[in-house]
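Printed here is target-v7.cif (mmCIF, N, CA and C atoms):
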data_query
#
loop_
_atom_site.label_atom_id
_atom_site.label_comp_id
_atom_site.auth_asym_id
_atom_site.auth_seq_id
_atom_site.Cartn_x
_atom_site.Cartn_y
_atom_site.Cartn_z
N MET C 1 12.70 197.93 170.03
CA MET C 1 13.93 197.21 170.25
C MET C 1 13.98 196.08 169.22
N MET C 2 15.17 195.84 168.68
CA MET C 2 15.32 194.84 167.65
C MET C 2 16.54 193.99 167.96
N ALA C 3 16.39 192.70 167.80
CA ALA C 3 17.53 191.81 167.98
C ALA C 3 17.69 190.99 166.71
N ARG C 4 18.88 190.97 166.18
CA ARG C 4 19.14 190.14 165.01
C ARG C 4 19.50 188.75 165.51
N GLY C 5 18.88 187.76 164.94
CA GLY C 5 19.08 186.39 165.40
C GLY C 5 20.34 185.76 164.86
N LEU C 6 20.43 184.48 165.03
CA LEU C 6 21.61 183.73 164.60
C LEU C 6 21.61 183.64 163.09
N THR C 7 22.72 184.03 162.45
CA THR C 7 22.79 183.99 161.00
C THR C 7 23.70 182.88 160.50
N GLN C 8 24.61 182.42 161.34
CA GLN C 8 25.49 181.32 161.01
C GLN C 8 25.47 180.36 162.18
N GLU C 9 26.04 179.21 161.97
CA GLU C 9 26.02 178.20 163.03
C GLU C 9 26.63 178.73 164.33
N HIS C 10 27.74 179.48 164.25
CA HIS C 10 28.40 179.96 165.46
C HIS C 10 28.20 181.45 165.71
N ALA C 11 27.37 182.09 164.90
CA ALA C 11 27.15 183.52 165.09
C ALA C 11 26.26 183.75 166.31
N MET C 12 26.55 184.81 167.01
CA MET C 12 25.79 185.14 168.20
C MET C 12 24.96 186.39 167.91
N PRO C 13 23.95 186.63 168.73
CA PRO C 13 23.06 187.76 168.45
C PRO C 13 23.72 189.12 168.67
N THR C 14 23.21 190.08 167.92
CA THR C 14 23.54 191.47 168.11
C THR C 14 22.25 192.17 168.48
N ILE C 15 22.26 192.93 169.55
CA ILE C 15 21.07 193.63 170.00
C ILE C 15 21.27 195.10 169.69
N ASN C 16 20.32 195.67 168.94
CA ASN C 16 20.38 197.08 168.57
C ASN C 16 19.07 197.73 169.00
N PHE C 17 19.16 198.86 169.70
CA PHE C 17 17.96 199.60 170.04
C PHE C 17 18.30 201.05 170.30
N ILE C 18 17.28 201.88 170.34
CA ILE C 18 17.45 203.30 170.65
C ILE C 18 16.75 203.54 171.98
N TYR C 19 17.47 204.22 172.89
CA TYR C 19 16.91 204.52 174.21
C TYR C 19 17.26 205.96 174.57
N ARG C 20 16.25 206.76 174.78
CA ARG C 20 16.41 208.17 175.18
C ARG C 20 17.40 208.93 174.29
N GLY C 21 17.29 208.72 173.00
CA GLY C 21 18.13 209.44 172.06
C GLY C 21 19.53 208.89 171.89
N CYS C 22 19.77 207.69 172.38
CA CYS C 22 21.08 207.04 172.23
C CYS C 22 20.92 205.73 171.47
N VAL C 23 21.81 205.51 170.52
CA VAL C 23 21.83 204.25 169.79
C VAL C 23 22.68 203.27 170.59
N VAL C 24 22.12 202.10 170.86
CA VAL C 24 22.82 201.08 171.65
C VAL C 24 23.04 199.85 170.79
N ASP C 25 24.28 199.38 170.73
CA ASP C 25 24.64 198.14 170.03
C ASP C 25 25.32 197.23 171.03
N ILE C 26 24.78 196.03 171.19
CA ILE C 26 25.39 195.03 172.07
C ILE C 26 25.72 193.81 171.21
N ASP C 27 27.01 193.53 171.08
CA ASP C 27 27.48 192.36 170.32
C ASP C 27 27.93 191.30 171.31
N ILE C 28 27.49 190.07 171.08
CA ILE C 28 27.82 188.98 171.98
C ILE C 28 28.54 187.89 171.20
N GLY C 29 29.73 187.56 171.66
CA GLY C 29 30.51 186.47 171.08
C GLY C 29 30.63 185.35 172.11
N GLU C 30 31.00 184.20 171.64
CA GLU C 30 31.06 183.03 172.53
C GLU C 30 32.45 182.42 172.50
N ARG C 31 32.95 182.13 173.69
CA ARG C 31 34.19 181.36 173.85
C ARG C 31 33.84 180.12 174.65
N ALA C 32 34.80 179.27 174.86
CA ALA C 32 34.53 178.00 175.55
C ALA C 32 33.85 178.21 176.90
N ALA C 33 34.37 179.11 177.72
CA ALA C 33 33.82 179.30 179.06
C ALA C 33 33.35 180.73 179.33
N LEU C 34 33.39 181.58 178.28
CA LEU C 34 33.07 183.00 178.48
C LEU C 34 32.13 183.53 177.41
N TRP C 35 31.37 184.56 177.79
CA TRP C 35 30.65 185.38 176.83
C TRP C 35 31.52 186.62 176.60
N ASP C 36 31.82 186.91 175.36
CA ASP C 36 32.59 188.10 174.96
C ASP C 36 31.57 189.17 174.55
N ILE C 37 31.48 190.25 175.28
CA ILE C 37 30.43 191.23 175.04
C ILE C 37 31.04 192.61 174.78
N THR C 38 30.54 193.26 173.72
CA THR C 38 30.93 194.63 173.42
C THR C 38 29.66 195.47 173.41
N ILE C 39 29.67 196.54 174.20
CA ILE C 39 28.52 197.44 174.28
C ILE C 39 28.97 198.81 173.80
N GLU C 40 28.23 199.36 172.84
CA GLU C 40 28.55 200.69 172.34
C GLU C 40 27.30 201.57 172.43
N VAL C 41 27.46 202.75 173.02
CA VAL C 41 26.37 203.71 173.17
C VAL C 41 26.79 205.01 172.49
N VAL C 42 25.99 205.44 171.51
CA VAL C 42 26.29 206.67 170.78
C VAL C 42 25.06 207.57 170.85
N PRO C 43 25.19 208.74 171.48
CA PRO C 43 24.04 209.66 171.54
C PRO C 43 23.82 210.35 170.19
N TYR C 44 22.55 210.59 169.86
CA TYR C 44 22.22 211.38 168.68
C TYR C 44 22.69 212.81 168.90
N ASP C 45 22.84 213.57 167.80
CA ASP C 45 23.16 214.99 167.91
C ASP C 45 22.08 215.67 168.76
N GLY C 46 22.50 216.52 169.67
CA GLY C 46 21.56 217.23 170.52
C GLY C 46 21.28 216.53 171.84
N VAL C 47 21.69 215.28 171.98
CA VAL C 47 21.51 214.56 173.24
C VAL C 47 22.80 214.72 174.03
N GLU C 48 22.69 215.26 175.22
CA GLU C 48 23.88 215.52 176.04
C GLU C 48 23.97 214.55 177.20
N LEU C 49 25.12 213.93 177.33
CA LEU C 49 25.41 213.06 178.46
C LEU C 49 26.44 213.75 179.34
N ILE C 50 26.29 213.63 180.65
CA ILE C 50 27.25 214.21 181.59
C ILE C 50 28.63 213.60 181.35
N GLU C 51 28.65 212.31 181.12
CA GLU C 51 29.89 211.57 180.87
C GLU C 51 29.62 210.61 179.72
N ALA C 52 30.49 210.61 178.72
CA ALA C 52 30.31 209.71 177.58
C ALA C 52 30.40 208.26 178.03
N ILE C 53 29.57 207.43 177.42
CA ILE C 53 29.60 206.00 177.74
C ILE C 53 30.54 205.29 176.78
N GLY C 54 30.43 205.61 175.48
CA GLY C 54 31.33 205.01 174.50
C GLY C 54 31.19 203.51 174.39
N ALA C 55 32.30 202.83 174.12
CA ALA C 55 32.31 201.37 173.95
C ALA C 55 32.92 200.71 175.18
N LYS C 56 32.30 199.65 175.61
CA LYS C 56 32.79 198.87 176.76
C LYS C 56 32.89 197.42 176.33
N LYS C 57 33.92 196.74 176.82
CA LYS C 57 34.09 195.32 176.54
C LYS C 57 34.02 194.55 177.85
N LEU C 58 33.27 193.47 177.83
CA LEU C 58 33.11 192.61 179.01
C LEU C 58 33.39 191.17 178.65
N LYS C 59 33.87 190.44 179.62
CA LYS C 59 34.01 188.99 179.49
C LYS C 59 33.31 188.41 180.70
N LEU C 60 32.21 187.70 180.46
CA LEU C 60 31.42 187.14 181.54
C LEU C 60 31.48 185.62 181.49
N PRO C 61 31.57 184.96 182.63
CA PRO C 61 31.58 183.50 182.64
C PRO C 61 30.22 182.96 182.19
N LYS C 62 30.23 181.81 181.60
CA LYS C 62 29.00 181.18 181.12
C LYS C 62 28.27 180.47 182.25
N THR C 63 28.03 181.18 183.33
CA THR C 63 27.31 180.57 184.45
C THR C 63 25.81 180.82 184.34
N GLU C 64 25.41 181.75 183.48
CA GLU C 64 24.00 182.04 183.28
C GLU C 64 23.64 181.91 181.81
N GLU C 65 22.36 181.69 181.55
CA GLU C 65 21.86 181.55 180.19
C GLU C 65 21.99 182.89 179.45
N LEU C 66 22.14 182.81 178.15
CA LEU C 66 22.29 184.00 177.32
C LEU C 66 21.09 184.93 177.44
N ASP C 67 19.88 184.39 177.51
CA ASP C 67 18.68 185.22 177.64
C ASP C 67 18.71 186.07 178.90
N VAL C 68 19.16 185.49 180.00
CA VAL C 68 19.24 186.21 181.28
C VAL C 68 20.28 187.32 181.18
N ILE C 69 21.42 186.99 180.60
CA ILE C 69 22.50 187.97 180.46
C ILE C 69 22.07 189.14 179.58
N THR C 70 21.45 188.86 178.43
CA THR C 70 21.04 189.95 177.53
C THR C 70 19.99 190.84 178.19
N SER C 71 19.07 190.25 178.91
CA SER C 71 18.05 191.03 179.62
C SER C 71 18.69 191.96 180.65
N GLU C 72 19.64 191.44 181.41
CA GLU C 72 20.34 192.25 182.42
C GLU C 72 21.19 193.34 181.77
N LEU C 73 21.85 193.02 180.66
CA LEU C 73 22.66 194.02 179.97
C LEU C 73 21.81 195.19 179.49
N ILE C 74 20.65 194.88 178.92
CA ILE C 74 19.76 195.93 178.43
C ILE C 74 19.34 196.84 179.59
N CYS C 75 18.95 196.25 180.71
CA CYS C 75 18.55 197.04 181.89
C CYS C 75 19.70 197.91 182.39
N GLU C 76 20.90 197.35 182.47
CA GLU C 76 22.06 198.10 182.96
C GLU C 76 22.44 199.25 182.03
N VAL C 77 22.35 199.02 180.72
CA VAL C 77 22.66 200.09 179.76
C VAL C 77 21.63 201.21 179.89
N GLN C 78 20.36 200.85 180.02
CA GLN C 78 19.33 201.87 180.18
C GLN C 78 19.55 202.69 181.45
N LEU C 79 19.91 202.04 182.55
CA LEU C 79 20.21 202.75 183.79
C LEU C 79 21.40 203.69 183.63
N ALA C 80 22.44 203.21 182.94
CA ALA C 80 23.63 204.03 182.72
C ALA C 80 23.28 205.28 181.91
N ILE C 81 22.45 205.12 180.90
CA ILE C 81 22.03 206.28 180.10
C ILE C 81 21.21 207.23 180.96
N ASP C 82 20.27 206.70 181.73
CA ASP C 82 19.43 207.54 182.60
C ASP C 82 20.27 208.37 183.55
N HIS C 83 21.31 207.78 184.11
CA HIS C 83 22.15 208.48 185.09
C HIS C 83 23.10 209.49 184.47
N ARG C 84 23.32 209.37 183.16
CA ARG C 84 24.27 210.28 182.51
C ARG C 84 23.59 211.37 181.67
N LEU C 85 22.27 211.29 181.51
CA LEU C 85 21.59 212.32 180.73
C LEU C 85 21.64 213.65 181.47
N VAL C 86 21.91 214.71 180.75
CA VAL C 86 21.93 216.04 181.35
C VAL C 86 20.51 216.39 181.77
N GLY C 87 20.37 216.88 183.00
CA GLY C 87 19.06 217.28 183.49
C GLY C 87 18.31 216.19 184.22
N CYS C 88 18.92 215.02 184.40
CA CYS C 88 18.25 213.94 185.13
C CYS C 88 18.74 213.89 186.56
#

I'd like the structure from this file rewritten - as structure tokens, please.
Amino acid sequence: MMARGLTQEHAMPTINFIYRGCVVDIDIGERAALWDITIEVVPYDGVELIEAIGAKKLKLPKTEELDVITSELICEVQLAIDHRLVGC
């Protein structure tokens, strides 16, 4: 798993990893009171999902720290992939 850190003063992290044959990209943006999150899951050729996950956009309130949110997002994406893999 790889996370690209802050590259500019206001840039937010992008989390990229591969899980069970799917490429996962999580982009996090910041607004005054919200986290702007885009999650994209793309399966490699030959990996079959019962239902495509595709790209999802979320807006979460800034009530929790970014580290907690990113950790939970990673777990939720992994669970979603597990539940959609053919044969699981």

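Distances to Val86 in chain C were evaluated for C:Pro43, C:Pro61, C:Pro13, C:Gly29 using only C-alpha atoms, and the minimum falls at C:Pro43.
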
Quick check for you: according to DSSP on this backbone, which residues of chain C are classed as strand (DSSP E or B)? Reply as a PyMOL selection string. chain C and resi 2-4+14-19+22-30+34-43+49+54-61+85

I'd like the neighbourhood of His83 in chain C as a VMD selection string, where a residue qualifies if any of its atoms comes within 12 Å (using only C-alpha atoms), though same-chain residues fewer than 2 positions away should be ignored. chain C and resid 20 48 to 53 76 to 81 85 to 88

To one decimal in Å, tell me the separation between atom C of Thr70 in chain C and atom C of Asp25 in chain C.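 Interatomic distance here is 11.0 Å.
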
Nearby residues (only C-alpha atoms) at most 7 Å from Ile39 in chain C, same-chain spacing under 3 positions excluded, as a VMD selection string: chain C and resid 25 to 27 55 to 57

Report as a ChimeraX atom specification all protein, DNA and RNA residues lying within 7 Å of Val42 in chain C, evaluated on only C-alpha atoms, omitting residues in the same chain fewer than 4 positions from it. /C:22-24,54

If you apply the PyMOL selection byres ((chain C and resi 30-35) around 6.5) to this file, what residues do you get, as a list in words? Met12, Ile28, Gly29, Asp36, Ile37, Leu58, Lys59, Leu60, Pro61 and Lys62 of chain C

What does the distance between atom C of Leu73 in chain C and atom N of Thr38 in chain C come to in Å, to one decimal place?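 Between these atoms lies a distance of 10.6 Å.
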
Two-atom distance - CA of Val47 in chain C, CA of Ile18 in chain C (Å): 12.2 Å

Extract the full set of helix (DSSP H, G or I) residues from range 6-81 of chain C according to DSSP on the backbone, and format it as a PyMOL selection string. chain C and resi 66-81
